[in-house]
$ cat input22.cif   # mmCIF, C-alpha atoms
data_start
loop_
_atom_site.label_atom_id
_atom_site.label_comp_id
_atom_site.auth_asym_id
_atom_site.auth_seq_id
_atom_site.Cartn_x
_atom_site.Cartn_y
_atom_site.Cartn_z
CA MET A 1 0.00 0.00 0.00
CA ASN A 2 1.40 3.35 -1.06
CA CYS A 3 1.46 6.08 1.58
CA ASN A 4 1.39 9.78 0.86
CA ARG A 5 3.77 12.14 2.57
CA ARG A 6 1.31 12.95 5.35
CA GLN A 7 0.84 9.27 6.21
CA GLN A 8 4.61 8.66 6.11
CA THR A 9 5.13 11.60 8.46
CA LEU A 10 2.49 10.29 10.87
CA ILE A 11 4.14 6.86 10.93
CA LEU A 12 7.54 8.42 11.64
CA LEU A 13 6.05 10.55 14.41
CA VAL A 14 4.50 7.50 16.08
CA ILE A 15 7.80 5.59 15.89
CA SER A 16 9.76 8.58 17.22
CA LEU A 17 7.38 9.15 20.14
CA THR A 18 7.45 5.44 21.00
CA ILE A 19 11.25 5.40 21.14
CA LEU A 20 11.32 8.55 23.28
CA PHE A 21 8.72 7.27 25.75
CA ILE A 22 10.50 3.92 26.07
CA ALA A 23 13.83 5.64 26.74
CA LEU A 24 12.29 8.02 29.28
CA LEU A 25 10.24 5.43 31.16
CA THR A 26 13.06 2.87 31.17
CA GLY A 27 15.39 5.35 32.88
CA ILE A 28 12.74 6.57 35.35
CA PHE A 29 11.64 3.13 36.54
CA MET A 30 15.05 1.43 36.39
CA PRO A 31 16.05 0.19 39.89
CA GLU A 32 19.01 2.05 41.39
CA LYS A 33 20.77 -1.24 42.13
CA MET A 34 21.33 -1.77 38.40
CA CYS A 35 23.71 1.21 38.47
CA GLU A 36 25.48 0.21 41.67
CA ILE A 37 29.24 -0.23 42.03
CA ASN A 38 30.53 -3.73 41.33
CA LEU A 39 34.30 -3.93 41.75
CA SER A 40 34.39 -7.45 40.29
CA GLN A 41 33.25 -6.11 36.90
CA VAL A 42 35.50 -3.07 36.42
CA LYS A 43 36.69 -1.81 33.01
CA ILE A 44 34.95 -4.45 30.91
CA ALA A 45 34.83 -3.63 27.22
CA PRO A 46 31.48 -3.87 25.37
CA CYS A 47 30.25 -7.49 25.24
CA LEU A 48 27.00 -9.45 25.22
CA LYS A 49 26.61 -9.19 29.01
CA HIS A 50 27.51 -5.48 29.12
CA ILE A 51 26.55 -4.00 25.75
CA PHE A 52 28.00 -0.55 26.60
CA GLY A 53 30.76 -2.01 28.78
CA THR A 54 31.43 -1.05 32.41
CA ASP A 55 33.30 1.85 33.98
CA TRP A 56 36.19 2.00 36.45
CA LEU A 57 33.81 1.17 39.32
CA GLY A 58 32.12 -1.75 37.57
CA ARG A 59 28.87 0.12 36.86
CA ASP A 60 27.01 -1.01 33.74
CA MET A 61 27.26 1.82 31.21
CA LEU A 62 24.02 0.96 29.41
CA CYS A 63 22.07 1.32 32.66
CA ARG A 64 23.91 4.53 33.58
CA THR A 65 23.31 5.96 30.12
CA LEU A 66 19.56 5.23 30.20
CA LYS A 67 19.31 6.60 33.74
CA GLY A 68 21.24 9.72 32.80
CA LEU A 69 19.25 10.16 29.62
CA SER A 70 15.97 10.12 31.55
CA VAL A 71 17.29 12.87 33.85
CA SER A 72 18.37 14.96 30.87
CA MET A 73 15.03 14.38 29.12
CA GLU A 74 13.09 15.43 32.23
CA VAL A 75 15.05 18.68 32.36
CA GLY A 76 14.57 19.17 28.61
CA ILE A 77 10.80 18.65 28.72
CA ILE A 78 10.28 20.96 31.72
CA THR A 79 12.47 23.73 30.34
CA ALA A 80 11.03 23.52 26.82
CA LEU A 81 7.45 23.81 28.10
CA ALA A 82 8.24 26.64 30.51
CA SER A 83 10.28 28.58 27.93
CA CYS A 84 7.52 28.32 25.32
CA ILE A 85 4.86 29.44 27.81
CA ILE A 86 6.96 32.52 28.61
CA ALA A 87 7.51 33.12 24.88
CA VAL A 88 3.76 32.99 24.19
CA MET A 89 2.93 35.30 27.09
CA LEU A 90 5.52 37.91 26.13
CA GLY A 91 4.96 37.63 22.38
CA VAL A 92 1.18 37.97 22.65
CA THR A 93 1.45 40.82 25.18
CA ALA A 94 3.92 42.76 23.03
CA ALA A 95 1.88 42.44 19.84
CA TYR A 96 -1.57 42.91 21.33
CA PHE A 97 -0.88 45.97 23.52
CA GLY A 98 1.90 47.58 21.46
CA GLY A 99 3.35 50.96 22.42
CA LYS A 100 5.64 51.07 25.45
CA VAL A 101 4.82 47.48 26.38
CA ASP A 102 5.98 46.29 22.97
CA SER A 103 9.10 48.46 23.15
CA PHE A 104 10.04 47.10 26.57
CA ILE A 105 9.59 43.46 25.55
CA LYS A 106 11.57 44.05 22.34
CA TRP A 107 14.36 45.61 24.43
CA LEU A 108 14.28 42.63 26.85
CA THR A 109 14.44 40.24 23.91
CA ASP A 110 17.41 42.04 22.36
CA VAL A 111 19.29 42.11 25.69
CA THR A 112 18.72 38.39 26.25
CA MET A 113 19.78 37.51 22.69
CA GLY A 114 22.91 39.64 23.08
CA MET A 115 24.13 37.69 26.09
CA PRO A 116 26.74 34.93 25.54
CA MET A 117 24.48 31.91 26.00
CA THR A 118 26.84 29.55 27.85
CA ILE A 119 28.22 32.23 30.17
CA PHE A 120 24.71 33.49 30.93
CA LEU A 121 23.55 29.93 31.70
CA ILE A 122 26.50 29.30 34.02
CA MET A 123 25.94 32.61 35.81
CA ILE A 124 22.24 31.92 36.43
CA SER A 125 22.92 28.33 37.47
CA VAL A 126 25.53 29.42 40.02
CA LEU A 127 23.33 32.24 41.38
CA VAL A 128 20.42 29.88 42.13
CA GLY A 129 22.57 27.13 43.64
CA LYS A 130 23.40 24.94 40.61
CA GLY A 131 21.93 21.44 40.45
CA LYS A 132 18.81 20.53 38.48
CA LYS A 133 17.01 23.66 39.69
CA GLY A 134 19.81 25.90 38.44
CA ILE A 135 19.84 24.24 35.02
CA ILE A 136 16.06 24.52 34.64
CA ILE A 137 15.92 28.18 35.65
CA GLY A 138 18.93 29.06 33.49
CA VAL A 139 17.58 27.40 30.35
CA VAL A 140 14.06 28.77 30.87
CA LEU A 141 15.34 32.34 31.21
CA THR A 142 17.49 32.16 28.08
CA HIS A 143 15.58 30.07 25.54
CA TRP A 144 12.28 31.93 25.08
CA VAL A 145 13.48 34.76 22.85
CA HIS A 146 13.28 33.29 19.34
CA LEU A 147 9.79 31.87 19.75
CA ALA A 148 8.62 35.10 21.40
CA ARG A 149 9.65 37.06 18.31
CA ILE A 150 7.82 34.62 16.03
CA ILE A 151 4.68 34.77 18.18
CA ARG A 152 4.80 38.58 18.26
CA ILE A 153 4.91 38.81 14.47
CA GLU A 154 2.13 36.24 14.11
CA VAL A 155 -0.17 38.04 16.56
CA MET A 156 0.50 41.43 14.93
CA GLN A 157 -0.77 39.96 11.67
CA LEU A 158 -3.71 38.20 13.33
CA LYS A 159 -5.10 41.19 15.21
CA ASN A 160 -5.75 42.99 11.92
CA ARG A 161 -7.62 40.09 10.32
CA GLN A 162 -11.23 40.73 9.32
CA TYR A 163 -12.79 38.18 11.67
CA ILE A 164 -10.98 39.66 14.69
CA LEU A 165 -11.93 43.21 13.67
CA ALA A 166 -15.52 42.03 13.26
CA SER A 167 -15.46 40.37 16.67
CA ARG A 168 -14.18 43.59 18.22
CA SER A 169 -16.87 45.63 16.44
CA PHE A 170 -19.53 43.37 17.97
CA GLY A 171 -18.32 44.40 21.41
CA LYS A 172 -16.33 41.28 22.30
CA SER A 173 -13.78 41.83 25.06
CA GLY A 174 -10.05 41.58 24.60
CA PHE A 175 -10.04 38.46 26.78
CA TYR A 176 -12.67 36.82 24.55
CA ILE A 177 -10.69 37.64 21.39
CA MET A 178 -7.48 36.37 22.99
CA LYS A 179 -9.09 33.12 24.17
CA ASN A 180 -11.17 32.26 21.11
CA HIS A 181 -9.20 33.70 18.20
CA ILE A 182 -5.55 34.47 18.94
CA LEU A 183 -4.43 31.62 21.22
CA PRO A 184 -5.95 28.83 19.04
CA ALA A 185 -4.27 30.38 16.00
CA ILE A 186 -0.78 30.30 17.57
CA LEU A 187 -1.17 26.81 19.12
CA PRO A 188 0.70 25.12 16.21
CA GLN A 189 3.68 27.46 16.71
CA PHE A 190 3.66 26.65 20.41
CA ILE A 191 3.63 22.88 19.84
CA VAL A 192 6.39 22.96 17.25
CA GLY A 193 8.35 25.41 19.42
CA VAL A 194 8.27 23.03 22.40
CA VAL A 195 9.52 20.11 20.31
CA LEU A 196 12.27 22.10 18.56
CA LEU A 197 13.38 23.77 21.79
CA PHE A 198 13.90 20.43 23.53
CA PRO A 199 17.16 19.53 21.69
CA HIS A 200 18.66 22.92 22.58
CA ALA A 201 17.63 22.49 26.20
CA ILE A 202 19.02 18.97 26.56
CA LEU A 203 22.31 19.87 24.86
CA HIS A 204 22.78 22.95 27.04
CA GLU A 205 21.97 20.86 30.12
CA ALA A 206 24.63 18.33 29.10
CA ALA A 207 27.15 21.08 28.33
CA ILE A 208 26.67 22.94 31.64
CA THR A 209 26.76 19.69 33.60
CA PHE A 210 29.88 18.63 31.69
CA LEU A 211 31.57 21.87 32.81
CA GLY A 212 30.62 21.20 36.43
CA PHE A 213 27.91 23.86 36.89
CA GLY A 214 24.84 21.69 36.55
CA ILE A 215 23.60 18.44 38.02
CA PRO A 216 25.82 17.21 40.90
CA PRO A 217 28.29 14.35 40.25
CA ASP A 218 26.43 11.89 42.49
CA LYS A 219 23.53 11.85 40.02
CA ALA A 220 23.48 10.04 36.69
CA ALA A 221 23.29 12.51 33.79
CA ILE A 222 24.73 12.43 30.29
CA GLY A 223 26.88 15.50 30.98
CA ILE A 224 28.36 13.90 34.10
CA ILE A 225 28.99 10.60 32.32
CA LEU A 226 30.84 12.36 29.49
CA SER A 227 32.77 14.56 31.92
CA GLU A 228 33.94 11.57 33.97
CA ALA A 229 34.84 9.65 30.81
CA MET A 230 37.37 12.31 29.78
CA GLY A 231 39.73 11.17 32.50
CA TYR A 232 39.77 7.59 31.25
CA LEU A 233 39.93 7.93 27.47
CA ASN A 234 43.73 7.90 27.51
CA THR A 235 43.59 4.49 29.21
CA GLY A 236 41.74 2.99 26.24
CA MET A 237 38.26 3.02 27.75
CA TRP A 238 36.73 4.64 24.68
CA TRP A 239 33.28 3.17 25.28
CA LEU A 240 32.72 5.41 28.32
CA ALA A 241 32.25 8.44 26.05
CA VAL A 242 31.36 6.99 22.65
CA PHE A 243 28.12 5.17 23.48
CA PRO A 244 26.58 7.84 25.78
CA GLY A 245 27.51 10.47 23.19
CA ILE A 246 25.89 8.50 20.38
CA VAL A 247 22.71 8.02 22.42
CA LEU A 248 22.54 11.76 23.19
CA VAL A 249 22.96 12.69 19.52
CA PHE A 250 20.38 10.05 18.52
CA ILE A 251 17.75 11.43 20.93
CA VAL A 252 18.41 15.00 19.80
CA ARG A 253 18.04 14.00 16.15
CA ILE A 254 14.76 12.22 16.92
CA PHE A 255 13.39 15.44 18.41
CA ASP A 256 14.61 17.41 15.40
CA LYS A 257 12.76 15.06 13.07
CA LEU A 258 9.73 15.15 15.35
CA GLY A 259 9.67 18.94 15.13
CA GLU A 260 10.03 18.90 11.36
CA GLY A 261 7.19 16.37 11.07
CA LEU A 262 4.86 18.38 13.31
CA ASN A 263 5.66 21.54 11.39
CA PHE A 264 4.77 19.74 8.16
CA LEU A 265 1.46 18.42 9.56
CA LEU A 266 0.41 21.69 11.21
CA ASN A 267 1.38 23.97 8.36
CA PRO A 268 -1.71 24.63 6.21
CA THR A 269 0.37 24.88 3.02
CA THR A 270 1.87 21.40 3.39
CA ALA A 271 -0.58 19.42 5.56
CA GLN A 272 -2.54 18.08 2.55
CA GLU A 273 0.44 16.74 0.60
#
$ encode --input "input22.cif" --output "structure tokens"
Amino acid sequence: MNCNRRQQTLILLVISLTILFIALLTGIFMPEKMCEINLSQVKIAPCLKHIFGTDWLGRDMLCRTLKGLSVSMEVGIITALASCIIAVMLGVTAAYFGGKVDSFIKWLTDVTMGMPMTIFLIMISVLVGKGKKGIIIGVVLTHWVHLARIIRIEVMQLKNRQYILASRSFGKSGFYIMKNHILPAILPQFIVGVVLLFPHAILHEAAITFLGFGIPPDKAAIGIILSEAMGYLNTGMWWLAVFPGIVLVFIVRIFDKLGEGLNFLLNPTTAQE
């Protein structure tokens, strides 16, 4: 049976979401004892029993990678949702009210975009006490700007459409117009924004944690795993960095494809192909 592009995209989306949910739930519900130290199994190269090998403390690297990936994905999901909510609030407010409100939000956007991203993230993370909380707050406060600009432009175009002008002429309140006309119209941008923001969030989480300003070393996270692996690569334990790195890139690419697929399905000009 031949499938059109829309059906192919839907199939790919289902497969991608299934892989992501399996990876997330496996890490969340994995017993802690599977990542415990086992000094009788130290420095084992990848084999059938330990597919990703073991580290210098005998911990199974596949279990650590899945556990760390679930932590990174939790942070990515929370930060992507929170950042996009802020972007929608600021973008809609700037476009709908205009004037000084719009000027202030545009200035705030320009200031945030002008900051060196990594340095700004580290600074925020340190100020709020590092750890998972620091990473979440840092990413949320720095990743809303691009979507906010898109939402602002979209709402500025929407508020001059005939059906919104007609609704206003019939005496409908600004809240009614916002709830029934503007927010439903920008929902596709919000959904795609959340999905596309996730890879940036998870990579920044891994980078900040790798540098030592994120999740503490006693927790399993991809950034910590890669950071610890750097000290053992010169001993020939290449699998400590290679497999977790590949898994991280694979998950990020899945989200990229997921975002592209959603954009294709939600875009009126391509959804019927």
$ closest_residue --input "input22.cif" --among "A:Thr142, A:Gly98, A:Gln162, A:Phe250" --to "Met123 (chain A)" --atoms "all atoms listed in the file"
A:Thr142
$ closest_atom_pairs --input "input22.cif" --of "region 174-259 of chain A" --to "region 35-46 of chain A" --cutoff "12 Å" --atoms "all atoms listed in the file" --output "tab-separated table"
residue	atom	partner	partner_atom	distance
A:Asp218	CA	A:Cys35	CA	11.7
A:Lys219	CA	A:Cys35	CA	10.8
A:Ala220	CA	A:Cys35	CA	9.0
A:Ala229	CA	A:Lys43	CA	11.8
A:Tyr232	CA	A:Lys43	CA	10.0
A:Leu233	CA	A:Lys43	CA	11.7
A:Thr235	CA	A:Lys43	CA	10.1
A:Gly236	CA	A:Ala45	CA	9.6
A:Met237	CA	A:Lys43	CA	7.3
A:Trp238	CA	A:Ala45	CA	8.9
A:Trp239	CA	A:Ala45	CA	7.2
A:Leu240	CA	A:Ala45	CA	9.3
A:Val242	CA	A:Pro46	CA	11.2
A:Phe243	CA	A:Pro46	CA	9.8
$ atom_distance --input "input22.cif" --atom1 "CA of Leu69 (chain A)" --atom2 "CA of Leu147 (chain A)"
25.7 Å
$ residues_near_point --input "input22.cif" --point "(14.2, 31.7, 32.5)" --cutoff "9 Å" --atoms "all atoms listed in the file" --output "tab-separated table (two decimals) with C-alpha atoms, in the coordinates of the input"
chain	number	residue	atom	x	y	z
A	79	THR	CA	12.47	23.73	30.34
A	82	ALA	CA	8.24	26.64	30.51
A	83	SER	CA	10.28	28.58	27.93
A	86	ILE	CA	6.96	32.52	28.61
A	124	ILE	CA	22.24	31.92	36.43
A	136	ILE	CA	16.06	24.52	34.64
A	137	ILE	CA	15.92	28.18	35.65
A	138	GLY	CA	18.93	29.06	33.49
A	139	VAL	CA	17.58	27.40	30.35
A	140	VAL	CA	14.06	28.77	30.87
A	141	LEU	CA	15.34	32.34	31.21
A	142	THR	CA	17.49	32.16	28.08
A	143	HIS	CA	15.58	30.07	25.54
A	144	TRP	CA	12.28	31.93	25.08
$ resolve_selection --input "input22.cif" --expression "the PyMOL selection byres ((chain A and resi 210-216) around 6)" --output "count of residues only"
14
$ closest_residue --input "input22.cif" --among "A:Thr118, A:Asn160, A:Asn263, A:Thr18" --to "Pro188 (chain A)" --atoms "only C-alpha atoms"
A:Asn263
$ atom_distance --input "input22.cif" --atom1 "CA of Ala148 (chain A)" --atom2 "CA of Gly114 (chain A)"
15.1 Å
$ atom_distance --input "input22.cif" --atom1 "CA of Leu203 (chain A)" --atom2 "CA of Leu248 (chain A)"
8.3 Å
$ closest_residue --input "input22.cif" --among "A:Val195, A:Leu127, A:Ile28, A:Ile19" --to "Glu260 (chain A)" --atoms "all atoms listed in the file"
A:Val195
$ residues_around --input "input22.cif" --residues "Thr65 (chain A)" --least-positions-apart "6" --cutoff "9 Å" --atoms "all atoms listed in the file" --output "PDB file with C-alpha atoms, keeping the file's coordinate frame"
ATOM      1  CA  GLY A  27      15.390   5.350  32.880  1.00  0.00           C
ATOM      2  CA  PHE A  52      28.000  -0.550  26.600  1.00  0.00           C
ATOM      3  CA  ALA A 220      23.480  10.040  36.690  1.00  0.00           C
ATOM      4  CA  ALA A 221      23.290  12.510  33.790  1.00  0.00           C
ATOM      5  CA  ILE A 222      24.730  12.430  30.290  1.00  0.00           C
ATOM      6  CA  ILE A 225      28.990  10.600  32.320  1.00  0.00           C
ATOM      7  CA  PHE A 243      28.120   5.170  23.480  1.00  0.00           C
ATOM      8  CA  PRO A 244      26.580   7.840  25.780  1.00  0.00           C
ATOM      9  CA  VAL A 247      22.710   8.020  22.420  1.00  0.00           C
TER      10      VAL A 247
END
$ residues_near_point --input "input22.cif" --point "(-6.8, 36.7, 21.4)" --cutoff "10 Å" --atoms "all atoms listed in the file" --output "list in words"
Val92, Thr93, Tyr96, Val155, Leu158, Lys159, Ile164, Ser173, Gly174, Phe175, Tyr176, Ile177, Met178, Lys179, Asn180, His181, Ile182, Leu183, Pro184, Ala185 and Ile186 of chain A
$ resolve_selection --input "input22.cif" --expression "the PyMOL selection byres ((chain A and resi 30) around 12)" --output "ChimeraX atom specification"
/A:22-29,31-36,62-71
$ write_last_selection --input "input22.cif" --atoms "C-alpha atoms" --output "JSON list (two decimals), in the coordinates of the input"
[["chain", "number", "residue", "atom", "x", "y", "z"],
["A", 22, "ILE", "CA", 10.50, 3.92, 26.07],
["A", 23, "ALA", "CA", 13.83, 5.64, 26.74],
["A", 24, "LEU", "CA", 12.29, 8.02, 29.28],
["A", 25, "LEU", "CA", 10.24, 5.43, 31.16],
["A", 26, "THR", "CA", 13.06, 2.87, 31.17],
["A", 27, "GLY", "CA", 15.39, 5.35, 32.88],
["A", 28, "ILE", "CA", 12.74, 6.57, 35.35],
["A", 29, "PHE", "CA", 11.64, 3.13, 36.54],
["A", 31, "PRO", "CA", 16.05, 0.19, 39.89],
["A", 32, "GLU", "CA", 19.01, 2.05, 41.39],
["A", 33, "LYS", "CA", 20.77, -1.24, 42.13],
["A", 34, "MET", "CA", 21.33, -1.77, 38.40],
["A", 35, "CYS", "CA", 23.71, 1.21, 38.47],
["A", 36, "GLU", "CA", 25.48, 0.21, 41.67],
["A", 62, "LEU", "CA", 24.02, 0.96, 29.41],
["A", 63, "CYS", "CA", 22.07, 1.32, 32.66],
["A", 64, "ARG", "CA", 23.91, 4.53, 33.58],
["A", 65, "THR", "CA", 23.31, 5.96, 30.12],
["A", 66, "LEU", "CA", 19.56, 5.23, 30.20],
["A", 67, "LYS", "CA", 19.31, 6.60, 33.74],
["A", 68, "GLY", "CA", 21.24, 9.72, 32.80],
["A", 69, "LEU", "CA", 19.25, 10.16, 29.62],
["A", 70, "SER", "CA", 15.97, 10.12, 31.55],
["A", 71, "VAL", "CA", 17.29, 12.87, 33.85]]
$ resolve_selection --input "input22.cif" --expression "the PyMOL selection byres ((chain A and resi 198) around 9)" --output "ChimeraX atom specification"
/A:73,76-81,193-197,199-203,252,255-256
$ closest_residue --input "input22.cif" --among "A:Ile119, A:Val88, A:Leu262, A:Ala95" --to "His146 (chain A)" --atoms "all atoms listed in the file"
A:Val88
$ build_atoms --input "input22.cif" --residues "region 57-67 of chain A" --atoms "all heavy atoms" --output "PDB file, in the frame of the given file"
ATOM      1  N   LEU A  57      34.401   1.653  38.076  1.00  0.00           N
ATOM      2  CA  LEU A  57      33.810   1.170  39.320  1.00  0.00           C
ATOM      3  C   LEU A  57      32.907  -0.035  39.097  1.00  0.00           C
ATOM      4  O   LEU A  57      32.196  -0.461  40.013  1.00  0.00           O
ATOM      5  CB  LEU A  57      33.015   2.292  40.000  1.00  0.00           C
ATOM      6  CG  LEU A  57      33.839   3.479  40.499  1.00  0.00           C
ATOM      7  CD1 LEU A  57      32.923   4.570  41.043  1.00  0.00           C
ATOM      8  CD2 LEU A  57      34.844   3.044  41.563  1.00  0.00           C
ATOM      9  N   GLY A  58      32.906  -0.559  37.875  1.00  0.00           N
ATOM     10  CA  GLY A  58      32.120  -1.750  37.570  1.00  0.00           C
ATOM     11  C   GLY A  58      30.649  -1.469  37.311  1.00  0.00           C
ATOM     12  O   GLY A  58      29.844  -2.411  37.247  1.00  0.00           O
ATOM     13  N   ARG A  59      30.278  -0.211  37.138  1.00  0.00           N
ATOM     14  CA  ARG A  59      28.870   0.120  36.860  1.00  0.00           C
ATOM     15  C   ARG A  59      28.572  -0.112  35.379  1.00  0.00           C
ATOM     16  O   ARG A  59      29.357   0.247  34.513  1.00  0.00           O
ATOM     17  CB  ARG A  59      28.594   1.579  37.236  1.00  0.00           C
ATOM     18  CG  ARG A  59      28.709   1.847  38.722  1.00  0.00           C
ATOM     19  CD  ARG A  59      28.618   3.328  39.037  1.00  0.00           C
ATOM     20  NE  ARG A  59      29.759   4.070  38.500  1.00  0.00           N
ATOM     21  CZ  ARG A  59      30.005   5.359  38.759  1.00  0.00           C
ATOM     22  NH1 ARG A  59      29.188   6.030  39.553  1.00  0.00           N
ATOM     23  NH2 ARG A  59      31.061   5.948  38.240  1.00  0.00           N
ATOM     24  N   ASP A  60      27.414  -0.722  35.115  1.00  0.00           N
ATOM     25  CA  ASP A  60      27.010  -1.010  33.740  1.00  0.00           C
ATOM     26  C   ASP A  60      26.706   0.295  33.014  1.00  0.00           C
ATOM     27  O   ASP A  60      25.840   1.077  33.435  1.00  0.00           O
ATOM     28  CB  ASP A  60      25.783  -1.916  33.730  1.00  0.00           C
ATOM     29  CG  ASP A  60      25.426  -2.373  32.323  1.00  0.00           C
ATOM     30  OD1 ASP A  60      25.938  -3.400  31.897  1.00  0.00           O
ATOM     31  OD2 ASP A  60      24.632  -1.661  31.667  1.00  0.00           O
ATOM     32  N   MET A  61      27.383   0.542  31.903  1.00  0.00           N
ATOM     33  CA  MET A  61      27.260   1.820  31.210  1.00  0.00           C
ATOM     34  C   MET A  61      25.935   1.966  30.466  1.00  0.00           C
ATOM     35  O   MET A  61      25.446   3.080  30.281  1.00  0.00           O
ATOM     36  CB  MET A  61      28.430   2.009  30.237  1.00  0.00           C
ATOM     37  CG  MET A  61      29.761   2.304  30.923  1.00  0.00           C
ATOM     38  SD  MET A  61      29.687   3.761  31.980  1.00  0.00           S
ATOM     39  CE  MET A  61      29.307   5.045  30.791  1.00  0.00           C
ATOM     40  N   LEU A  62      25.331   0.864  30.046  1.00  0.00           N
ATOM     41  CA  LEU A  62      24.020   0.960  29.410  1.00  0.00           C
ATOM     42  C   LEU A  62      22.982   1.447  30.416  1.00  0.00           C
ATOM     43  O   LEU A  62      22.173   2.341  30.109  1.00  0.00           O
ATOM     44  CB  LEU A  62      23.602  -0.406  28.845  1.00  0.00           C
ATOM     45  CG  LEU A  62      22.190  -0.474  28.245  1.00  0.00           C
ATOM     46  CD1 LEU A  62      22.037   0.523  27.100  1.00  0.00           C
ATOM     47  CD2 LEU A  62      21.894  -1.890  27.763  1.00  0.00           C
ATOM     48  N   CYS A  63      23.007   0.890  31.616  1.00  0.00           N
ATOM     49  CA  CYS A  63      22.070   1.320  32.660  1.00  0.00           C
ATOM     50  C   CYS A  63      22.323   2.761  33.056  1.00  0.00           C
ATOM     51  O   CYS A  63      21.380   3.555  33.210  1.00  0.00           O
ATOM     52  CB  CYS A  63      22.197   0.408  33.883  1.00  0.00           C
ATOM     53  SG  CYS A  63      21.718  -1.308  33.577  1.00  0.00           S
ATOM     54  N   ARG A  64      23.585   3.139  33.219  1.00  0.00           N
ATOM     55  CA  ARG A  64      23.910   4.530  33.580  1.00  0.00           C
ATOM     56  C   ARG A  64      23.479   5.495  32.482  1.00  0.00           C
ATOM     57  O   ARG A  64      22.980   6.592  32.762  1.00  0.00           O
ATOM     58  CB  ARG A  64      25.404   4.688  33.822  1.00  0.00           C
ATOM     59  CG  ARG A  64      25.924   4.089  35.104  1.00  0.00           C
ATOM     60  CD  ARG A  64      27.249   4.717  35.496  1.00  0.00           C
ATOM     61  NE  ARG A  64      27.052   6.040  36.071  1.00  0.00           N
ATOM     62  CZ  ARG A  64      27.970   7.006  36.077  1.00  0.00           C
ATOM     63  NH1 ARG A  64      29.138   6.809  35.481  1.00  0.00           N
ATOM     64  NH2 ARG A  64      27.737   8.165  36.651  1.00  0.00           N
ATOM     65  N   THR A  65      23.679   5.087  31.236  1.00  0.00           N
ATOM     66  CA  THR A  65      23.310   5.960  30.120  1.00  0.00           C
ATOM     67  C   THR A  65      21.804   6.177  30.069  1.00  0.00           C
ATOM     68  O   THR A  65      21.332   7.310  29.898  1.00  0.00           O
ATOM     69  CB  THR A  65      23.800   5.364  28.791  1.00  0.00           C
ATOM     70  OG1 THR A  65      25.227   5.250  28.817  1.00  0.00           O
ATOM     71  CG2 THR A  65      23.390   6.249  27.619  1.00  0.00           C
ATOM     72  N   LEU A  66      21.027   5.104  30.216  1.00  0.00           N
ATOM     73  CA  LEU A  66      19.560   5.230  30.200  1.00  0.00           C
ATOM     74  C   LEU A  66      19.072   6.044  31.387  1.00  0.00           C
ATOM     75  O   LEU A  66      18.148   6.861  31.255  1.00  0.00           O
ATOM     76  CB  LEU A  66      18.919   3.850  30.191  1.00  0.00           C
ATOM     77  CG  LEU A  66      19.098   3.039  28.906  1.00  0.00           C
ATOM     78  CD1 LEU A  66      18.534   1.626  29.080  1.00  0.00           C
ATOM     79  CD2 LEU A  66      18.417   3.727  27.733  1.00  0.00           C
ATOM     80  N   LYS A  67      19.685   5.842  32.548  1.00  0.00           N
ATOM     81  CA  LYS A  67      19.310   6.600  33.740  1.00  0.00           C
ATOM     82  C   LYS A  67      19.643   8.082  33.541  1.00  0.00           C
ATOM     83  O   LYS A  67      18.836   8.964  33.847  1.00  0.00           O
ATOM     84  CB  LYS A  67      20.047   6.047  34.954  1.00  0.00           C
ATOM     85  CG  LYS A  67      19.427   6.426  36.284  1.00  0.00           C
ATOM     86  CD  LYS A  67      18.138   5.676  36.519  1.00  0.00           C
ATOM     87  CE  LYS A  67      17.581   5.928  37.921  1.00  0.00           C
ATOM     88  NZ  LYS A  67      16.280   5.270  38.129  1.00  0.00           N
TER      89      LYS A  67
END
